[in-house]
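Visitor: Can you keep this structure in mind? I'll have questions shortly.
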Amino acid sequence: MIWDWILEPLQYEFMVRTLATTVIAAVLCAVLSCWLVLVGWSLMGDAVSHAVLPGVVLAYIFGAPFAIGALVFGFLAVGLIGLIRDTSRVKEDAAIGIVFTTLFALGLVMISVTPSHIDLNHIIFGNILGVSRADLAQIAILAVVAFTVLIVKRRDLTLFAFDPTHAFAIGLSPRLLSALLLGVLALTSVVALQVVGVVLVVAMLIIPGATAYLLTDRFGRMLVIAPVLSALCSVVGIYLSYWLDAASGGLVVVVQGVVFALVYLFSPRQGVIGRRVRGRRLSTARAGVSVRSG
């Protein structure tokens, strides 16, 4: 019975493509999320993922690949945020809010006035079950590029995340590293866009890293725990969507959220309940020592 439950979806080619695409996106987003959590760029991930919407619509209008339009507007959003932050009194969080809400709203307006024989709302909410072979190949190529950059520059990016001042002192440029990380963020947002849509991309970019952060104090372990958990959650979410006939992207994120909640509550070191249990054991042990001493 269990094997039938596992193997039946794999009889369909679209389900195999769905699983492959989701796992690729989940692993890439999880690896990047480790740096985003440390740097404190959760809102930046939200901004870039929403700001690509007008680019996707324009790409559809001109018959270009969605990834091209999304990348252009992803980098445009990053540039505009930096421009407003550096040339005015407006702080970064406000600049992020201004840029991503304006571009996202522009995308919604463009969708509403663009004649289309396809449902452009799939861009917002995802359409992972409709991924074609060409889409899978495109996502795999973009993921390899982004993943390669992260692996090659992992030491510099890690130092930048923990101590930008020290990074500058040893000859690294925090500004360039910041731009590099933002560029990878834009690229990763495009990869995840077709899996869960614009609205839920930020969840895949933040939840895995936050979950791993509660499970370990070592960044190297985070880079292993986050993608493994994210890949498992994506597979479980896709299977649940098949059997429950529910939204695939939404279920992937829901499963990730449930895992985070469990870790938040029961993690041995950082979990709310785990800390209380450990505290009680420590108090009991101290009381025992006091009694023996007396």
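Convention: chains lettered A, B, ... in structure tokens order; per-chain residue numbering from 1; ligands numbered from 1 as shown.
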Need to verify the contact set: range 147-160 of chain A, 7 Å, only C-alpha atoms, exclusion of same-chain residues closer than 4 positions in sequence. Can you return it as a PDB file with N, CA and C atoms, in the first residue's frame?
Guide:
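Ended up saving to result.pdb:
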```
ATOM      1  N   LEU A  28      18.318  25.060  -3.954  1.00  0.00           N
ATOM      2  CA  LEU A  28      18.975  26.345  -4.202  1.00  0.00           C
ATOM      3  C   LEU A  28      18.477  27.415  -3.232  1.00  0.00           C
ATOM      4  N   ALA A 143      19.839  27.446 -11.901  1.00  0.00           N
ATOM      5  CA  ALA A 143      20.196  26.945 -10.570  1.00  0.00           C
ATOM      6  C   ALA A 143      21.677  26.589 -10.488  1.00  0.00           C
ATOM      7  N   PRO A 164      31.189  42.195   8.372  1.00  0.00           N
ATOM      8  CA  PRO A 164      31.567  43.002   7.208  1.00  0.00           C
ATOM      9  C   PRO A 164      32.799  43.875   7.460  1.00  0.00           C
ATOM     10  N   ALA A 167      35.800  41.769   7.015  1.00  0.00           N
ATOM     11  CA  ALA A 167      35.936  41.477   5.588  1.00  0.00           C
ATOM     12  C   ALA A 167      36.607  42.644   4.865  1.00  0.00           C
ATOM     13  N   PRO A 174      32.797  44.789   0.984  1.00  0.00           N
ATOM     14  CA  PRO A 174      31.431  44.466   1.411  1.00  0.00           C
ATOM     15  C   PRO A 174      30.376  44.901   0.405  1.00  0.00           C
ATOM     16  N   LEU A 177      30.387  42.313  -2.411  1.00  0.00           N
ATOM     17  CA  LEU A 177      29.822  41.061  -1.908  1.00  0.00           C
ATOM     18  C   LEU A 177      28.315  41.191  -1.719  1.00  0.00           C
TER      19      LEU A 177
END
```
Visitor: Neighbours of range 71-74 of chain A within 12 Å (only C-alpha atoms; same-chain residues fewer than 6 positions away dropped), as a PyMOL selection string?
Guide: chain A and resi 44-59+65+80-81+99-100+103-104+106-107+142+182-191+193+198
Visitor: Using only C-alpha atoms, find each residue in range 134-221 of chain A having at least one atom no more than 8 Å away from range 7-23 of chain A; report its shortest atom-to-atom pair and that distance in Å (one decimal), rows by chain then rising number, as a Markdown table.
Guide:
```
| residue | atom | partner | partner_atom | distance |
| --- | --- | --- | --- | --- |
| A:Leu136 | CA | A:Thr21 | CA | 6.0 |
| A:Ile139 | CA | A:Thr21 | CA | 7.2 |
| A:Ala140 | CA | A:Thr21 | CA | 7.7 |
| A:Val195 | CA | A:Thr22 | CA | 6.1 |
```
Visitor: Output C-alpha atoms for every residue in that selection, as a compact mmCIF listing (two decimals), in the first residue's frame.
Guide:
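Ended up saving to result_38.txt:
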```txt
# COMPACT_ATOMS: atom_id res chain seq x y z
CA LEU A 136 12.95 22.33 -16.38
CA ILE A 139 15.52 26.23 -14.23
CA ALA A 140 18.34 23.68 -13.97
CA VAL A 195 7.52 26.54 -8.58
```
Visitor: Separation of CA of Ala95 in chain A and CA of Leu32 in chain A, in Å?
Guide: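 A separation of 22.3 Å between them.
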Visitor: Quick check, in Å to one decimal: how far apart do CA of Arg85 in chain A and CA of Ile207 in chain A lie?
Guide: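 Distance between the two atoms: 26.8 Å.
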Visitor: Mind checking DSSP for range 20-153 of chain A and telling me the alpha helix (DSSP H) residues as a compact mmCIF listing (two decimals) with N, CA and C atoms, in the first residue's frame?
Guide:
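The resulting states_33.txt:
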```txt
# COMPACT_ATOMS: atom_id res chain seq x y z
N ALA A 20 11.28 16.95 -9.89
CA ALA A 20 12.65 17.37 -10.19
C ALA A 20 12.80 18.89 -10.08
N THR A 21 11.86 19.61 -10.66
CA THR A 21 11.92 21.07 -10.63
C THR A 21 11.82 21.61 -9.21
N THR A 22 10.89 21.05 -8.44
CA THR A 22 10.69 21.53 -7.07
C THR A 22 11.90 21.26 -6.20
N VAL A 23 12.51 20.10 -6.33
CA VAL A 23 13.69 19.78 -5.53
C VAL A 23 14.85 20.70 -5.90
N ILE A 24 15.04 20.95 -7.19
CA ILE A 24 16.12 21.86 -7.62
C ILE A 24 15.92 23.24 -7.00
N ALA A 25 14.72 23.77 -7.14
CA ALA A 25 14.43 25.10 -6.59
C ALA A 25 14.55 25.12 -5.07
N ALA A 26 14.06 24.06 -4.42
CA ALA A 26 14.09 24.00 -2.96
C ALA A 26 15.52 23.97 -2.43
N VAL A 27 16.38 23.20 -3.06
CA VAL A 27 17.77 23.11 -2.61
C VAL A 27 18.49 24.44 -2.79
N LEU A 28 18.32 25.06 -3.95
CA LEU A 28 18.97 26.35 -4.20
C LEU A 28 18.48 27.42 -3.23
N CYS A 29 17.16 27.51 -3.07
CA CYS A 29 16.60 28.52 -2.15
C CYS A 29 17.08 28.29 -0.72
N ALA A 30 17.19 27.02 -0.33
CA ALA A 30 17.61 26.72 1.04
C ALA A 30 19.05 27.12 1.29
N VAL A 31 19.92 26.84 0.32
CA VAL A 31 21.33 27.22 0.48
C VAL A 31 21.46 28.74 0.59
N LEU A 32 20.78 29.47 -0.29
CA LEU A 32 20.83 30.92 -0.24
C LEU A 32 20.20 31.45 1.04
N SER A 33 19.16 30.79 1.53
CA SER A 33 18.45 31.28 2.71
C SER A 33 19.35 31.31 3.94
N CYS A 34 20.37 30.46 3.98
CA CYS A 34 21.30 30.45 5.11
C CYS A 34 21.99 31.80 5.24
N TRP A 35 22.40 32.36 4.09
CA TRP A 35 23.05 33.68 4.12
C TRP A 35 22.03 34.79 4.37
N LEU A 36 20.85 34.67 3.78
CA LEU A 36 19.84 35.71 3.97
C LEU A 36 19.43 35.83 5.43
N VAL A 37 19.33 34.71 6.13
CA VAL A 37 18.95 34.73 7.54
C VAL A 37 20.03 35.40 8.37
N LEU A 38 21.30 35.08 8.07
CA LEU A 38 22.40 35.65 8.85
C LEU A 38 22.55 37.15 8.59
N VAL A 39 22.41 37.56 7.32
CA VAL A 39 22.57 38.97 6.98
C VAL A 39 21.36 39.79 7.42
N SER A 42 15.58 39.16 5.02
CA SER A 42 14.29 38.53 4.74
C SER A 42 13.41 39.44 3.89
N LEU A 43 13.36 40.72 4.26
CA LEU A 43 12.53 41.66 3.52
C LEU A 43 13.08 41.88 2.11
N MET A 44 14.40 41.81 1.95
CA MET A 44 14.99 41.96 0.62
C MET A 44 14.56 40.80 -0.29
N GLY A 45 14.53 39.60 0.26
CA GLY A 45 14.05 38.46 -0.53
C GLY A 45 12.61 38.65 -0.96
N ASP A 46 11.79 39.18 -0.07
CA ASP A 46 10.40 39.47 -0.40
C ASP A 46 10.33 40.50 -1.51
N ALA A 47 11.16 41.53 -1.41
CA ALA A 47 11.14 42.61 -2.39
C ALA A 47 11.49 42.12 -3.79
N VAL A 48 12.60 41.40 -3.89
CA VAL A 48 13.06 40.94 -5.21
C VAL A 48 12.06 39.98 -5.83
N SER A 49 11.51 39.08 -5.03
CA SER A 49 10.58 38.08 -5.56
C SER A 49 9.31 38.72 -6.10
N HIS A 50 8.85 39.81 -5.47
CA HIS A 50 7.65 40.48 -5.93
C HIS A 50 7.93 41.44 -7.09
N ALA A 51 9.12 42.02 -7.10
CA ALA A 51 9.44 43.04 -8.09
C ALA A 51 9.62 42.47 -9.49
N LEU A 53 7.61 40.65 -11.12
CA LEU A 53 6.34 40.41 -11.81
C LEU A 53 6.18 41.21 -13.10
N PRO A 54 6.46 42.53 -13.13
CA PRO A 54 6.32 43.27 -14.40
C PRO A 54 7.23 42.72 -15.50
N GLY A 55 8.42 42.27 -15.13
CA GLY A 55 9.33 41.71 -16.11
C GLY A 55 8.79 40.45 -16.75
N VAL A 56 8.14 39.62 -15.94
CA VAL A 56 7.54 38.39 -16.47
C VAL A 56 6.43 38.72 -17.45
N VAL A 57 5.59 39.69 -17.12
CA VAL A 57 4.49 40.07 -18.00
C VAL A 57 5.03 40.66 -19.31
N LEU A 58 6.04 41.51 -19.22
CA LEU A 58 6.64 42.08 -20.42
C LEU A 58 7.26 40.99 -21.30
N ALA A 59 7.90 40.01 -20.66
CA ALA A 59 8.48 38.91 -21.42
C ALA A 59 7.40 38.16 -22.18
N TYR A 60 6.25 37.97 -21.55
CA TYR A 60 5.13 37.31 -22.23
C TYR A 60 4.65 38.14 -23.42
N ILE A 61 4.54 39.46 -23.22
CA ILE A 61 4.05 40.34 -24.28
C ILE A 61 4.95 40.28 -25.51
N PHE A 66 10.32 33.88 -19.85
CA PHE A 66 9.96 34.57 -18.62
C PHE A 66 11.19 34.91 -17.79
N ALA A 67 12.18 34.02 -17.80
CA ALA A 67 13.36 34.20 -16.95
C ALA A 67 14.11 35.49 -17.29
N ILE A 68 14.11 35.86 -18.58
CA ILE A 68 14.83 37.07 -18.99
C ILE A 68 14.18 38.31 -18.38
N GLY A 69 12.87 38.42 -18.54
CA GLY A 69 12.15 39.56 -17.98
C GLY A 69 12.26 39.62 -16.47
N ALA A 70 12.17 38.46 -15.82
CA ALA A 70 12.27 38.41 -14.36
C ALA A 70 13.65 38.84 -13.89
N LEU A 71 14.69 38.39 -14.58
CA LEU A 71 16.05 38.76 -14.20
C LEU A 71 16.28 40.27 -14.34
N VAL A 72 15.81 40.83 -15.45
CA VAL A 72 15.99 42.27 -15.68
C VAL A 72 15.35 43.08 -14.57
N PHE A 73 14.12 42.73 -14.22
CA PHE A 73 13.43 43.50 -13.18
C PHE A 73 13.93 43.15 -11.78
N GLY A 74 14.48 41.96 -11.61
CA GLY A 74 15.09 41.64 -10.32
C GLY A 74 16.29 42.51 -10.05
N PHE A 75 17.15 42.63 -11.06
CA PHE A 75 18.33 43.50 -10.92
C PHE A 75 17.93 44.98 -10.87
N LEU A 76 16.87 45.34 -11.60
CA LEU A 76 16.37 46.72 -11.56
C LEU A 76 15.90 47.07 -10.15
N ALA A 77 15.19 46.15 -9.52
CA ALA A 77 14.70 46.39 -8.16
C ALA A 77 15.85 46.58 -7.19
N VAL A 78 16.86 45.72 -7.30
CA VAL A 78 18.04 45.84 -6.43
C VAL A 78 18.72 47.18 -6.63
N GLY A 79 18.87 47.59 -7.90
CA GLY A 79 19.51 48.87 -8.20
C GLY A 79 18.72 50.06 -7.67
N LEU A 80 17.40 50.02 -7.82
CA LEU A 80 16.57 51.11 -7.34
C LEU A 80 16.60 51.23 -5.82
N ILE A 81 16.59 50.09 -5.14
CA ILE A 81 16.66 50.11 -3.68
C ILE A 81 17.97 50.76 -3.22
N GLY A 82 19.07 50.35 -3.85
CA GLY A 82 20.36 50.92 -3.50
C GLY A 82 20.43 52.40 -3.83
N LEU A 83 19.86 52.80 -4.96
CA LEU A 83 19.88 54.20 -5.36
C LEU A 83 19.13 55.08 -4.37
N ILE A 84 17.92 54.64 -4.00
CA ILE A 84 17.12 55.43 -3.05
C ILE A 84 17.80 55.50 -1.69
N ARG A 85 18.37 54.38 -1.27
CA ARG A 85 19.04 54.33 0.04
C ARG A 85 20.26 55.23 0.08
N ASP A 86 21.04 55.26 -1.01
CA ASP A 86 22.32 55.98 -1.01
C ASP A 86 22.20 57.45 -1.36
N THR A 87 21.09 57.85 -1.97
CA THR A 87 20.98 59.24 -2.44
C THR A 87 19.87 60.02 -1.75
N GLU A 92 16.92 51.89 4.35
CA GLU A 92 16.83 50.75 3.45
C GLU A 92 15.49 50.04 3.53
N ASP A 93 14.95 49.85 4.74
CA ASP A 93 13.69 49.11 4.85
C ASP A 93 12.56 49.85 4.15
N ALA A 94 12.56 51.18 4.26
CA ALA A 94 11.55 51.98 3.57
C ALA A 94 11.75 51.92 2.05
N ALA A 95 13.00 51.98 1.62
CA ALA A 95 13.30 51.90 0.18
C ALA A 95 12.83 50.56 -0.39
N ILE A 96 13.06 49.50 0.36
CA ILE A 96 12.62 48.17 -0.08
C ILE A 96 11.11 48.14 -0.23
N GLY A 97 10.41 48.67 0.78
CA GLY A 97 8.95 48.67 0.72
C GLY A 97 8.41 49.48 -0.44
N ILE A 98 9.02 50.62 -0.71
CA ILE A 98 8.57 51.48 -1.81
C ILE A 98 8.75 50.78 -3.15
N VAL A 99 9.94 50.22 -3.37
CA VAL A 99 10.26 49.63 -4.68
C VAL A 99 9.43 48.38 -4.94
N PHE A 100 9.40 47.47 -3.96
CA PHE A 100 8.74 46.19 -4.28
C PHE A 100 7.23 46.33 -4.36
N THR A 101 6.62 47.19 -3.56
CA THR A 101 5.17 47.36 -3.66
C THR A 101 4.79 48.05 -4.96
N THR A 102 5.60 49.03 -5.37
CA THR A 102 5.30 49.75 -6.61
C THR A 102 5.43 48.83 -7.83
N LEU A 103 6.53 48.08 -7.89
CA LEU A 103 6.74 47.18 -9.03
C LEU A 103 5.72 46.05 -9.04
N PHE A 104 5.40 45.52 -7.87
CA PHE A 104 4.42 44.44 -7.80
C PHE A 104 3.05 44.94 -8.25
N ALA A 105 2.67 46.14 -7.79
CA ALA A 105 1.40 46.72 -8.21
C ALA A 105 1.38 46.97 -9.72
N LEU A 106 2.53 47.43 -10.26
CA LEU A 106 2.63 47.63 -11.71
C LEU A 106 2.40 46.32 -12.44
N GLY A 107 2.98 45.24 -11.92
CA GLY A 107 2.78 43.94 -12.54
C GLY A 107 1.32 43.51 -12.52
N LEU A 108 0.63 43.76 -11.40
CA LEU A 108 -0.79 43.41 -11.32
C LEU A 108 -1.61 44.19 -12.34
N VAL A 109 -1.29 45.49 -12.49
CA VAL A 109 -1.99 46.31 -13.48
C VAL A 109 -1.74 45.78 -14.88
N MET A 110 -0.50 45.43 -15.17
CA MET A 110 -0.16 44.91 -16.50
C MET A 110 -0.88 43.61 -16.80
N ILE A 111 -1.00 42.76 -15.79
CA ILE A 111 -1.74 41.51 -15.98
C ILE A 111 -3.20 41.78 -16.31
N SER A 112 -3.77 42.78 -15.62
CA SER A 112 -5.19 43.07 -15.79
C SER A 112 -5.52 43.63 -17.16
N VAL A 113 -4.55 44.25 -17.84
CA VAL A 113 -4.83 44.88 -19.14
C VAL A 113 -4.18 44.14 -20.30
N ASN A 121 -2.11 34.61 -13.95
CA ASN A 121 -2.16 34.51 -12.49
C ASN A 121 -1.30 33.36 -11.98
N HIS A 122 -0.95 32.43 -12.87
CA HIS A 122 -0.03 31.36 -12.48
C HIS A 122 1.32 31.92 -12.06
N ILE A 123 1.67 33.09 -12.59
CA ILE A 123 2.92 33.72 -12.20
C ILE A 123 2.88 34.09 -10.73
N ILE A 124 1.71 34.52 -10.27
CA ILE A 124 1.56 34.96 -8.89
C ILE A 124 1.51 33.78 -7.93
N PHE A 125 0.75 32.74 -8.31
CA PHE A 125 0.52 31.63 -7.39
C PHE A 125 1.28 30.36 -7.75
N ARG A 133 9.48 20.49 -20.34
CA ARG A 133 10.89 20.08 -20.37
C ARG A 133 11.80 21.29 -20.56
N ALA A 134 11.36 22.21 -21.40
CA ALA A 134 12.16 23.43 -21.63
C ALA A 134 12.27 24.25 -20.34
N ASP A 135 11.17 24.34 -19.60
CA ASP A 135 11.19 25.06 -18.33
C ASP A 135 12.13 24.39 -17.34
N LEU A 136 12.08 23.07 -17.29
CA LEU A 136 12.95 22.33 -16.38
C LEU A 136 14.42 22.56 -16.72
N ALA A 137 14.73 22.52 -18.02
CA ALA A 137 16.12 22.77 -18.44
C ALA A 137 16.56 24.18 -18.09
N GLN A 138 15.68 25.15 -18.31
CA GLN A 138 16.00 26.54 -18.00
C GLN A 138 16.24 26.72 -16.50
N ILE A 139 15.38 26.13 -15.68
CA ILE A 139 15.52 26.23 -14.23
C ILE A 139 16.81 25.56 -13.77
N ALA A 140 17.12 24.40 -14.36
CA ALA A 140 18.34 23.68 -13.97
C ALA A 140 19.59 24.50 -14.29
N ILE A 141 19.60 25.15 -15.46
CA ILE A 141 20.77 25.96 -15.86
C ILE A 141 20.94 27.15 -14.92
N LEU A 142 19.85 27.87 -14.65
CA LEU A 142 19.92 29.02 -13.75
C LEU A 142 20.35 28.59 -12.35
N ALA A 143 19.84 27.45 -11.90
CA ALA A 143 20.20 26.95 -10.57
C ALA A 143 21.68 26.59 -10.49
N VAL A 144 22.21 25.97 -11.53
CA VAL A 144 23.63 25.62 -11.55
C VAL A 144 24.49 26.87 -11.48
N VAL A 145 24.11 27.91 -12.23
CA VAL A 145 24.87 29.16 -12.22
C VAL A 145 24.87 29.77 -10.81
N ALA A 146 23.67 29.89 -10.21
CA ALA A 146 23.56 30.49 -8.89
C ALA A 146 24.28 29.66 -7.84
N PHE A 147 24.12 28.35 -7.91
CA PHE A 147 24.74 27.47 -6.93
C PHE A 147 26.26 27.51 -7.04
N THR A 148 26.76 27.59 -8.26
CA THR A 148 28.21 27.66 -8.47
C THR A 148 28.79 28.93 -7.86
N VAL A 149 28.11 30.04 -8.06
CA VAL A 149 28.57 31.31 -7.47
C VAL A 149 28.61 31.22 -5.95
N LEU A 150 27.56 30.64 -5.36
CA LEU A 150 27.51 30.53 -3.90
C LEU A 150 28.63 29.63 -3.36
N ILE A 151 28.90 28.55 -4.04
CA ILE A 151 29.93 27.62 -3.58
C ILE A 151 31.32 28.24 -3.74
N VAL A 152 31.57 28.86 -4.89
CA VAL A 152 32.89 29.44 -5.14
C VAL A 152 33.18 30.58 -4.17
```
